[in-house]
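So this block is target-v3.csv, CSV, C-alpha atoms:
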chain,number,residue,atom,x,y,z
A,868,MET,CA,0.0,0.0,0.0
A,869,ARG,CA,2.9,2.4,0.8
A,870,LYS,CA,4.5,1.8,-2.6
A,871,LYS,CA,1.3,2.9,-4.4
A,872,LEU,CA,1.2,6.1,-2.4
A,873,VAL,CA,4.9,6.9,-3.1
A,874,GLY,CA,4.3,6.2,-6.8
A,875,ALA,CA,1.3,8.6,-6.8
A,876,ALA,CA,3.3,11.3,-5.1
A,877,SER,CA,6.1,10.9,-7.6
A,878,ALA,CA,3.6,11.3,-10.5
A,879,VAL,CA,2.4,14.5,-8.9
A,880,ILE,CA,5.9,15.9,-8.6
A,881,ILE,CA,6.8,15.0,-12.2
A,882,ALA,CA,3.6,16.5,-13.5
A,883,THR,CA,4.3,19.7,-11.5
A,884,SER,CA,7.8,19.9,-12.8
A,885,PHE,CA,6.8,19.5,-16.4
A,886,ALA,CA,4.1,22.2,-16.0
A,887,GLY,CA,6.9,24.5,-14.8
A,888,VAL,CA,9.1,23.6,-17.7
A,889,ALA,CA,6.3,24.2,-20.2
A,890,SER,CA,5.7,27.7,-18.8
A,891,ALA,CA,9.4,28.7,-18.7
A,892,SER,CA,10.5,31.1,-21.4
A,893,THR,CA,14.3,31.4,-20.7
A,894,HIS,CA,17.0,29.2,-19.2
A,895,GLU,CA,20.3,30.3,-17.7
A,896,VAL,CA,23.1,27.9,-18.8
A,897,GLN,CA,24.7,25.9,-15.9
A,898,SER,CA,28.0,24.2,-15.8
A,899,GLY,CA,27.5,20.8,-17.5
A,900,ASP,CA,24.6,21.9,-19.7
A,901,SER,CA,24.4,21.2,-23.4
A,902,LEU,CA,21.9,22.2,-26.0
A,903,TRP,CA,20.6,18.6,-26.1
A,904,LYS,CA,20.1,18.5,-22.3
A,905,ILE,CA,18.3,21.8,-22.3
A,906,ALA,CA,16.2,20.8,-25.3
A,907,THR,CA,15.2,17.6,-23.5
A,908,LYS,CA,14.3,19.5,-20.3
A,909,TYR,CA,12.0,22.0,-22.1
A,910,GLN,CA,10.5,19.5,-24.5
A,911,THR,CA,11.9,21.1,-27.7
A,912,SER,CA,14.7,20.4,-30.1
A,913,VAL,CA,18.4,21.5,-30.5
A,914,ALA,CA,17.5,23.0,-33.9
A,915,GLN,CA,14.7,25.0,-32.3
A,916,LEU,CA,17.0,26.3,-29.6
A,917,LYS,CA,19.6,27.4,-32.1
A,918,SER,CA,17.0,29.1,-34.2
A,919,LEU,CA,15.4,31.0,-31.2
A,920,ASN,CA,18.8,32.2,-30.0
A,921,ASN,CA,20.6,32.7,-33.4
A,922,LEU,CA,23.3,30.2,-32.5
A,923,SER,CA,25.6,29.1,-35.3
A,924,SER,CA,27.1,26.2,-33.4
A,925,ASP,CA,26.3,24.0,-30.3
A,926,LEU,CA,28.7,26.0,-28.1
A,927,ILE,CA,27.1,27.6,-25.0
A,928,TYR,CA,28.6,29.1,-21.9
A,929,PRO,CA,27.6,29.1,-18.2
A,930,LYS,CA,25.5,32.1,-17.2
A,931,GLN,CA,24.3,32.5,-20.8
A,932,VAL,CA,20.5,33.1,-21.0
A,933,LEU,CA,18.7,31.2,-23.7
A,934,PHE,CA,15.2,31.5,-25.1
A,935,VAL,CA,13.4,28.1,-24.8
A,936,ASN,CA,9.9,29.1,-25.7
A,937,GLN,CA,8.8,30.2,-29.2
A,938,SER,CA,6.2,32.6,-27.8
A,939,THR,CA,8.7,34.9,-26.2
A,940,THR,CA,10.8,35.4,-29.3
A,941,GLU,CA,7.6,35.9,-31.4
A,942,ASN,CA,6.2,38.5,-29.1
A,943,LYS,CA,9.4,40.4,-28.6
A,944,PRO,CA,9.9,42.1,-32.0
A,945,ASP,CA,6.2,43.1,-32.2
A,946,PRO,CA,6.5,46.5,-30.5
A,947,ALA,CA,9.2,47.8,-32.9
A,948,PRO,CA,7.2,47.8,-36.2
A,949,VAL,CA,4.0,49.4,-34.7
A,950,GLN,CA,3.2,52.3,-36.9
A,951,ASN,CA,0.5,53.9,-34.7
A,952,SER,CA,2.9,55.5,-32.1
A,953,GLN,CA,6.1,56.5,-34.0
A,954,GLN,CA,7.6,58.5,-31.1
A,955,SER,CA,7.6,55.5,-28.7
A,956,ALA,CA,8.6,52.9,-31.3
A,957,THR,CA,11.6,54.9,-32.7
A,958,PRO,CA,13.7,54.8,-29.4
A,959,ALA,CA,13.1,51.1,-29.0
A,960,ALA,CA,14.3,50.4,-32.5
A,961,ASN,CA,17.4,52.7,-32.1
A,962,THR,CA,19.1,51.0,-29.2
A,963,TYR,CA,19.8,47.5,-28.0
A,964,THR,CA,21.1,46.3,-24.6
A,965,VAL,CA,23.8,43.6,-24.9
A,966,VAL,CA,23.0,40.3,-23.1
A,967,SER,CA,25.2,37.4,-22.2
A,968,GLY,CA,26.2,35.4,-25.3
A,969,ASP,CA,25.8,38.3,-27.7
A,970,ASN,CA,28.4,39.3,-30.3
A,971,LEU,CA,28.4,42.1,-32.9
A,972,SER,CA,27.7,39.8,-35.8
A,973,LYS,CA,24.6,38.3,-34.0
A,974,ILE,CA,23.3,41.8,-33.1
A,975,ALA,CA,23.9,43.1,-36.6
A,976,SER,CA,22.0,40.1,-38.1
A,977,LYS,CA,19.1,40.5,-35.6
A,978,HIS,CA,18.6,44.2,-36.5
A,979,LYS,CA,19.3,43.8,-40.2
A,980,VAL,CA,22.4,46.1,-40.2
A,981,THR,CA,26.1,45.5,-40.7
A,982,VAL,CA,28.9,45.2,-38.2
A,983,ALA,CA,30.6,48.1,-39.9
A,984,GLN,CA,27.5,50.3,-39.2
A,985,LEU,CA,27.5,49.2,-35.5
A,986,TYR,CA,31.2,50.3,-35.3
A,987,GLU,CA,30.4,53.7,-36.9
A,988,TRP,CA,27.2,54.4,-34.8
A,989,ASN,CA,28.8,53.4,-31.5
A,990,GLY,CA,32.4,54.6,-32.0
A,991,LEU,CA,33.7,51.1,-31.4
A,992,LYS,CA,37.4,50.4,-31.7
A,993,SER,CA,37.1,46.6,-31.4
A,994,ASP,CA,34.6,43.7,-31.4
A,995,LEU,CA,34.7,43.6,-27.5
A,996,ILE,CA,31.3,44.1,-25.9
A,997,HIS,CA,29.9,43.3,-22.5
A,998,PRO,CA,26.4,42.5,-21.0
A,999,GLY,CA,24.5,45.7,-20.1
A,1000,LEU,CA,26.2,47.8,-22.9
A,1001,VAL,CA,23.6,49.9,-24.8
A,1002,LEU,CA,24.3,50.0,-28.5
A,1003,LYS,CA,22.8,52.1,-31.3
A,1004,VAL,CA,21.3,49.7,-33.9
A,1005,SER,CA,20.0,52.2,-36.4
A,1006,ALA,CA,21.0,55.6,-37.8
A,1007,GLY,CA,18.6,57.3,-35.4
A,1008,ASN,CA,17.7,60.9,-36.4
A,1009,ALA,CA,19.1,60.5,-39.9
A,1010,THR,CA,16.4,58.0,-40.8
A,1011,ALA,CA,13.6,59.9,-39.0
A,1012,ALA,CA,13.9,63.2,-40.9
A,1013,PRO,CA,12.4,62.4,-44.3
A,1014,ASN,CA,8.9,61.0,-44.6
A,1015,PRO,CA,9.8,58.2,-47.0
A,1016,PRO,CA,12.9,56.5,-45.3
A,1017,VAL,CA,13.4,54.4,-48.4
A,1018,ALA,CA,14.6,57.4,-50.3
A,1019,ASN,CA,17.6,57.7,-48.1
A,1020,ALA,CA,18.4,53.9,-48.1
A,1021,PRO,CA,20.2,53.9,-51.6
A,1022,ALA,CA,22.6,56.6,-50.4
A,1023,ALA,CA,24.3,54.2,-48.0
A,1024,PRO,CA,25.3,51.6,-50.5
A,1025,THR,CA,26.5,54.1,-53.1
A,1026,ALA,CA,29.1,55.6,-50.8
A,1027,PRO,CA,31.2,52.4,-50.4
A,1028,THR,CA,31.1,51.6,-54.2
A,1029,GLN,CA,32.5,55.1,-55.0
A,1030,ASN,CA,35.4,54.6,-52.5
A,1031,ASN,CA,36.2,51.0,-53.6
A,1032,GLU,CA,38.8,52.0,-56.1
A,1033,ALA,CA,40.5,54.5,-53.8
A,1034,THR,CA,40.6,52.0,-50.9
A,1035,SER,CA,43.6,49.7,-50.9
A,1036,THR,CA,43.2,47.8,-47.6
A,1037,TYR,CA,40.3,46.5,-45.5
A,1038,LYS,CA,40.3,45.3,-41.8
A,1039,VAL,CA,38.3,42.1,-41.3
A,1040,VAL,CA,35.4,42.3,-38.8
A,1041,ALA,CA,33.1,39.7,-37.3
A,1042,GLY,CA,30.8,38.1,-39.9
A,1043,ASP,CA,33.1,38.7,-42.9
A,1044,THR,CA,34.0,36.1,-45.5
A,1045,LEU,CA,36.3,36.5,-48.5
A,1046,SER,CA,33.2,36.3,-50.8
A,1047,ARG,CA,31.5,39.1,-48.9
A,1048,ILE,CA,34.6,41.3,-49.0
A,1049,ALA,CA,35.2,40.6,-52.7
A,1050,GLN,CA,31.6,41.6,-53.5
A,1051,LYS,CA,31.9,44.8,-51.4
A,1052,TYR,CA,35.0,45.9,-53.3
A,1053,GLY,CA,34.0,44.7,-56.8
A,1054,THR,CA,36.7,42.0,-57.1
A,1055,THR,CA,37.0,38.2,-56.8
A,1056,VAL,CA,37.9,35.7,-54.1
A,1057,ALA,CA,40.8,34.6,-56.3
A,1058,ASN,CA,42.2,38.2,-56.5
A,1059,LEU,CA,41.9,38.6,-52.7
A,1060,LYS,CA,43.8,35.4,-52.1
A,1061,SER,CA,46.5,36.3,-54.7
A,1062,TRP,CA,47.0,39.9,-53.4
A,1063,ASN,CA,47.2,38.6,-49.8
A,1064,ASN,CA,49.1,35.4,-50.4
A,1065,LEU,CA,46.3,33.3,-48.8
A,1066,SER,CA,46.5,29.5,-49.2
A,1067,SER,CA,43.0,29.0,-47.9
A,1068,ASP,CA,39.7,30.9,-47.4
A,1069,LEU,CA,40.4,31.3,-43.6
A,1070,ILE,CA,40.5,34.9,-42.4
A,1071,LEU,CA,40.7,36.3,-38.9
A,1072,ILE,CA,39.0,39.3,-37.2
A,1073,GLY,CA,41.4,42.3,-37.2
A,1074,GLN,CA,43.3,40.9,-40.2
A,1075,THR,CA,44.2,43.6,-42.7
A,1076,LEU,CA,43.6,42.6,-46.4
A,1077,LYS,CA,44.6,44.2,-49.6
A,1078,VAL,CA,41.5,44.8,-51.6
A,1079,ASN,CA,42.9,46.6,-54.7
A,1080,GLY,CA,45.6,45.3,-57.0
A,1081,ASN,CA,46.4,48.9,-58.1
A,1082,THR,CA,47.6,47.6,-61.5
A,1083,ASN,CA,44.6,46.0,-63.3
A,1084,VAL,CA,41.3,47.1,-61.8
A,1085,THR,CA,39.5,45.8,-64.9
A,1086,ALA,CA,40.6,42.2,-64.1
A,1087,PRO,CA,37.6,41.4,-61.9
A,1088,THR,CA,35.1,41.6,-64.8
A,1089,VAL,CA,37.1,38.9,-66.7
A,1090,THR,CA,37.9,36.6,-63.8
A,1091,ALA,CA,34.7,36.6,-61.8
A,1092,PRO,CA,33.3,33.1,-62.4
A,1093,LYS,CA,30.0,32.5,-60.7
A,1094,PRO,CA,30.9,29.0,-59.4
A,1095,GLU,CA,33.8,30.4,-57.4
A,1096,ALA,CA,31.4,32.8,-55.5
A,1097,ALA,CA,29.2,29.9,-54.7
A,1098,LYS,CA,32.0,27.7,-53.5
A,1099,PRO,CA,31.7,27.0,-49.7
A,1100,GLU,CA,34.4,28.8,-47.8
A,1101,ALA,CA,35.6,28.8,-44.2
A,1102,PRO,CA,33.7,31.3,-42.1
A,1103,VAL,CA,35.4,34.0,-40.0
A,1104,ILE,CA,36.1,32.5,-36.5
A,1105,SER,CA,34.7,34.3,-33.5
A,1106,GLN,CA,36.8,36.7,-31.5
A,1107,ASP,CA,37.0,34.2,-28.6
A,1108,VAL,CA,38.3,31.4,-30.8
A,1109,ALA,CA,40.7,33.8,-32.6
A,1110,SER,CA,42.1,34.8,-29.2
A,1111,VAL,CA,42.6,31.1,-28.2
A,1112,ILE,CA,44.4,30.3,-31.5
A,1113,GLN,CA,46.6,33.4,-31.3
A,1114,ILE,CA,47.6,32.8,-27.7
A,1115,ALA,CA,48.4,29.1,-28.5
A,1116,LYS,CA,50.5,30.0,-31.5
A,1117,ASN,CA,52.4,32.6,-29.5
A,1118,ALA,CA,53.5,29.8,-27.2
A,1119,VAL,CA,55.1,27.7,-30.0
A,1120,GLY,CA,58.6,26.8,-29.0
A,1121,THR,CA,57.9,26.7,-25.3
A,1122,PRO,CA,59.7,23.6,-23.9
A,1123,TYR,CA,57.9,20.6,-22.4
A,1124,ALA,CA,57.7,20.3,-18.6
A,1125,TRP,CA,55.8,17.6,-16.8
A,1126,GLY,CA,52.9,19.3,-14.9
A,1127,GLY,CA,53.9,22.7,-16.4
A,1128,SER,CA,51.2,25.3,-17.1
A,1129,THR,CA,53.2,28.5,-17.6
A,1130,LEU,CA,55.4,29.9,-20.4
A,1131,SER,CA,58.5,28.4,-18.6
A,1132,GLY,CA,57.2,24.9,-19.7
A,1133,PHE,CA,54.0,23.0,-20.5
A,1134,ASP,CA,52.7,19.5,-20.5
A,1135,CYS,CA,49.7,18.8,-22.8
A,1136,SER,CA,46.9,19.5,-20.3
A,1137,GLY,CA,48.8,22.4,-18.7
A,1138,PHE,CA,49.0,24.0,-22.2
A,1139,ILE,CA,45.2,23.8,-22.6
A,1140,TYR,CA,44.7,25.3,-19.1
A,1141,TYR,CA,47.0,28.2,-19.9
A,1142,VAL,CA,45.6,29.0,-23.4
A,1143,PHE,CA,41.9,29.0,-22.5
A,1144,ASN,CA,42.3,30.9,-19.2
A,1145,THR,CA,44.6,33.5,-20.8
A,1146,ALA,CA,41.9,33.9,-23.5
A,1147,GLY,CA,39.3,34.6,-20.8
A,1148,GLN,CA,37.5,31.2,-20.9
A,1149,LYS,CA,37.8,29.9,-17.3
A,1150,VAL,CA,38.7,26.2,-17.1
A,1151,SER,CA,40.0,24.2,-14.2
A,1152,ARG,CA,43.5,22.6,-14.1
A,1153,LEU,CA,42.8,19.0,-15.0
A,1154,SER,CA,44.5,16.1,-16.7
A,1155,SER,CA,43.8,15.0,-20.3
A,1156,GLU,CA,41.3,12.5,-19.0
A,1157,GLY,CA,39.7,15.3,-16.9
A,1158,TYR,CA,39.2,17.6,-19.9
A,1159,TYR,CA,38.0,14.6,-21.9
A,1160,SER,CA,35.1,14.0,-19.4
A,1161,ARG,CA,34.2,17.7,-19.4
A,1162,SER,CA,33.7,17.8,-23.2
A,1163,TYR,CA,31.4,16.3,-25.9
A,1164,TYR,CA,32.2,14.8,-29.3
A,1165,VAL,CA,31.6,16.7,-32.6
A,1166,ASN,CA,31.6,15.1,-36.0
A,1167,LYS,CA,32.7,18.1,-37.9
A,1168,PRO,CA,35.6,19.9,-36.2
A,1169,GLU,CA,35.9,23.6,-36.0
A,1170,ILE,CA,39.0,25.7,-35.3
A,1171,GLY,CA,39.4,25.9,-31.5
A,1172,ASP,CA,38.0,22.4,-30.8
A,1173,LEU,CA,39.9,20.0,-28.6
A,1174,VAL,CA,41.7,17.0,-30.2
A,1175,PHE,CA,42.2,13.9,-28.0
A,1176,PHE,CA,44.6,10.9,-28.4
A,1177,ALA,CA,44.7,7.6,-26.6
A,1178,ASN,CA,47.4,5.0,-25.8
A,1179,THR,CA,50.4,7.3,-26.2
A,1180,TYR,CA,52.6,7.0,-23.1
A,1181,LYS,CA,49.9,5.0,-21.2
A,1182,SER,CA,46.6,3.2,-22.0
A,1183,GLY,CA,43.4,5.3,-22.4
A,1184,ILE,CA,43.1,9.0,-23.1
A,1185,SER,CA,46.6,10.3,-22.6
A,1186,HIS,CA,47.2,13.4,-24.8
A,1187,MET,CA,45.4,16.4,-26.2
A,1188,GLY,CA,45.7,19.5,-28.3
A,1189,ILE,CA,43.7,22.3,-30.1
A,1190,TYR,CA,42.5,22.0,-33.7
A,1191,VAL,CA,43.8,24.9,-35.8
A,1192,GLY,CA,42.2,23.9,-39.2
A,1193,ASP,CA,43.5,22.2,-42.4
A,1194,GLY,CA,44.0,18.9,-40.6
A,1195,GLN,CA,46.5,20.4,-38.1
A,1196,PHE,CA,46.6,20.8,-34.3
A,1197,ILE,CA,48.8,22.6,-31.8
A,1198,HIS,CA,49.9,20.9,-28.6
A,1199,ALA,CA,52.6,20.6,-26.0
A,1200,GLY,CA,54.5,17.4,-26.9
A,1201,SER,CA,57.9,16.0,-25.9
A,1202,ASP,CA,59.6,18.5,-28.2
A,1203,GLY,CA,57.6,21.5,-26.7
A,1204,VAL,CA,54.7,23.4,-28.1
A,1205,GLU,CA,54.4,22.8,-31.8
A,1206,ILE,CA,51.9,22.5,-34.7
A,1207,ALA,CA,51.5,18.9,-36.0
A,1208,SER,CA,49.5,17.2,-38.7
A,1209,LEU,CA,46.8,14.7,-37.9
A,1210,SER,CA,47.8,12.8,-41.0
A,1211,ASN,CA,51.1,12.0,-39.4
A,1212,SER,CA,51.2,8.2,-39.1
A,1213,TYR,CA,51.9,8.3,-35.3
A,1214,TRP,CA,49.1,10.8,-34.4
A,1215,LYS,CA,46.7,9.1,-36.9
A,1216,SER,CA,47.1,5.8,-35.1
A,1217,LYS,CA,46.5,7.4,-31.7
A,1218,PHE,CA,43.7,9.7,-32.7
A,1219,ASP,CA,40.5,9.4,-30.6
A,1220,GLY,CA,38.3,12.3,-31.7
A,1221,TYR,CA,37.3,16.0,-31.7
A,1222,LYS,CA,35.4,17.5,-28.7
A,1223,LYS,CA,34.1,20.8,-27.4
A,1224,PHE,CA,34.0,22.0,-23.8
A,1225,TYR,CA,30.5,21.8,-22.2

What does the file become when written as structure tokens?
Amino acid sequence: MRKKLVGAASAVIIATSFAGVASASTHEVQSGDSLWKIATKYQTSVAQLKSLNNLSSDLIYPKQVLFVNQSTTENKPDPAPVQNSQQSATPAANTYTVVSGDNLSKIASKHKVTVAQLYEWNGLKSDLIHPGLVLKVSAGNATAAPNPPVANAPAAPTAPTQNNEATSTYKVVAGDTLSRIAQKYGTTVANLKSWNNLSSDLILIGQTLKVNGNTNVTAPTVTAPKPEAAKPEAPVISQDVASVIQIAKNAVGTPYAWGGSTLSGFDCSGFIYYVFNTAGQKVSRLSSEGYYSRSYYVNKPEIGDLVFFANTYKSGISHMGIYVGDGQFIHAGSDGVEIASLSNSYWKSKFDGYKKFY
């Protein structure tokens, strides 16, 4: 008889918890969370969570606030387009308060503007933003003056095209790709790669590119095949990942030291600890096995992902590094910090898989 009562009480608790989940609209990411775990908790899907929060990957961070209910995101934009009270609608559309997990590319996409415009309107010097920062997300008074705002819209695109030939360099910002930069400056991806000695389509935030050959400006009309523009190319990596890779590469040549986690010497896990913490991503000092248990597998690796190896100096997970693209990884090996190829016969035989931190 007691078992039946306990079972009934459990059913009530479970029903109550699901009712709470159904009514929830946001979720604050906790350590150990993943999109799959959050989607299961709120009876939705990973794809839906990524769509609601404009996520381009499965990577999430503790303290990040995620939308988990369609109704909240559907209701949120409604006040902005209301045409009955223009005075109250305009300020709401002109500014945006940064929340945890935001970046300039995501904000620009959300408000249908460019990162360059956010830079100009807010006097930004870098891509660094923080929660609570209020950003201008429209031209403000400039768009409110004329009755038909559409009449002013063409003026913005014409300005860059007139300056294209006079401009010889361009600084990469978040959201850029070679294809987008080529289109902006009336040239081709092939020309950009040639002028900048690029061996791949990978570009980094803050990188300065030549966008004018200065000798044959008519070449683009001859060498602009459509298939090349449609060819998939590597996206610009985020500022956080770029920082991780730069810090890791700056440590190349640092000698190996068992248990080391400073620039005087590293072991493989100490190198991971140093790089990610220096880049502002707080991780604990663990062994390779420890980091292995705090991460999840990915099928398609991205720059900045972790690479794990097994059965090197001992059985099981025993070595790790950071994926830097083009089948290469950077790690602290017996010869110190170096970049190695995953196609190397030794590393290929010890390879376990790619993972991301929870």

Any idea what the distance is between atom CA of A:Asp1202 and atom CA of A:Cys1135?
-> 11.3 Å

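Taking all atoms listed in the file into account, the residues near (59.3, 25.9, -23.7), no farther than 6 Å, are Gly1120, Thr1121, Pro1122, Tyr1123, Ser1131, Gly1132 and Gly1203 of chain A.
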
Based on the selection just made, write C-alpha atoms of those residues as an mmCIF file, keeping the file's coordinate frame.
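Result file follows (selection_38.cif):
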data_model
loop_
_atom_site.group_PDB
_atom_site.id
_atom_site.type_symbol
_atom_site.label_atom_id
_atom_site.label_comp_id
_atom_site.auth_asym_id
_atom_site.auth_seq_id
_atom_site.Cartn_x
_atom_site.Cartn_y
_atom_site.Cartn_z
ATOM 1 C CA GLY A 1120 58.600 26.800 -29.000
ATOM 2 C CA THR A 1121 57.900 26.700 -25.300
ATOM 3 C CA PRO A 1122 59.700 23.600 -23.900
ATOM 4 C CA TYR A 1123 57.900 20.600 -22.400
ATOM 5 C CA SER A 1131 58.500 28.400 -18.600
ATOM 6 C CA GLY A 1132 57.200 24.900 -19.700
ATOM 7 C CA GLY A 1203 57.600 21.500 -26.700
#

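Our summary of the geometry notes that atom CA of A:Tyr1052 is positioned 23.5 Å from atom CA of A:Ser1005.
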
Which is closer to A:Ser1160 than all the others in A:Leu1069, A:Gly899, A:Val1078, A:Val1191, using all atoms listed in the file?
-> A:Gly899

Suppose you want the space between atom CA of A:Val1040 and atom CA of A:Phe1138; what is it in Å?
-> 28.2 Å

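Between A:Lys1217 and the residues A:Val1174, A:Phe934, A:Thr893, A:Asn1166, the shortest atom-to-atom distance, using all atoms listed in the file, involves A:Val1174.
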
Using only C-alpha atoms, which residues sit within 9 Å of A:Glu1205 once same-chain residues fewer than 5 positions away are excluded, as a PDB file with C-alpha atoms, keeping the file's coordinate frame?
ATOM      1  CA  LYS A1116      50.500  30.000 -31.500  1.00  0.00           C
ATOM      2  CA  ALA A1118      53.500  29.800 -27.200  1.00  0.00           C
ATOM      3  CA  VAL A1119      55.100  27.700 -30.000  1.00  0.00           C
ATOM      4  CA  GLY A1120      58.600  26.800 -29.000  1.00  0.00           C
ATOM      5  CA  THR A1121      57.900  26.700 -25.300  1.00  0.00           C
ATOM      6  CA  PHE A1196      46.600  20.800 -34.300  1.00  0.00           C
ATOM      7  CA  ILE A1197      48.800  22.600 -31.800  1.00  0.00           C
ATOM      8  CA  HIS A1198      49.900  20.900 -28.600  1.00  0.00           C
ATOM      9  CA  ALA A1199      52.600  20.600 -26.000  1.00  0.00           C
ATOM     10  CA  GLY A1200      54.500  17.400 -26.900  1.00  0.00           C
TER      11      GLY A1200
END

12 Å contact set for A:Asp994, only C-alpha atoms, chain neighbours under 5 positions out, as a short mmCIF file (atom, residue, chain, number, x, y, z; two decimals) with C-alpha atoms, in the coordinates of the input:
data_model
loop_
_atom_site.label_atom_id
_atom_site.label_comp_id
_atom_site.auth_asym_id
_atom_site.auth_seq_id
_atom_site.Cartn_x
_atom_site.Cartn_y
_atom_site.Cartn_z
CA ASP A 969 25.80 38.30 -27.70
CA ASN A 970 28.40 39.30 -30.30
CA LEU A 971 28.40 42.10 -32.90
CA SER A 972 27.70 39.80 -35.80
CA LYS A 973 24.60 38.30 -34.00
CA ILE A 974 23.30 41.80 -33.10
CA ALA A 975 23.90 43.10 -36.60
CA VAL A 982 28.90 45.20 -38.20
CA ALA A 983 30.60 48.10 -39.90
CA LEU A 985 27.50 49.20 -35.50
CA TYR A 986 31.20 50.30 -35.30
CA ASN A 989 28.80 53.40 -31.50
CA LYS A 1038 40.30 45.30 -41.80
CA VAL A 1039 38.30 42.10 -41.30
CA VAL A 1040 35.40 42.30 -38.80
CA ALA A 1041 33.10 39.70 -37.30
CA GLY A 1042 30.80 38.10 -39.90
CA ILE A 1072 39.00 39.30 -37.20
CA GLY A 1073 41.40 42.30 -37.20
CA SER A 1105 34.70 34.30 -33.50
CA GLN A 1106 36.80 36.70 -31.50
CA ASP A 1107 37.00 34.20 -28.60
CA ALA A 1109 40.70 33.80 -32.60
CA SER A 1110 42.10 34.80 -29.20
#
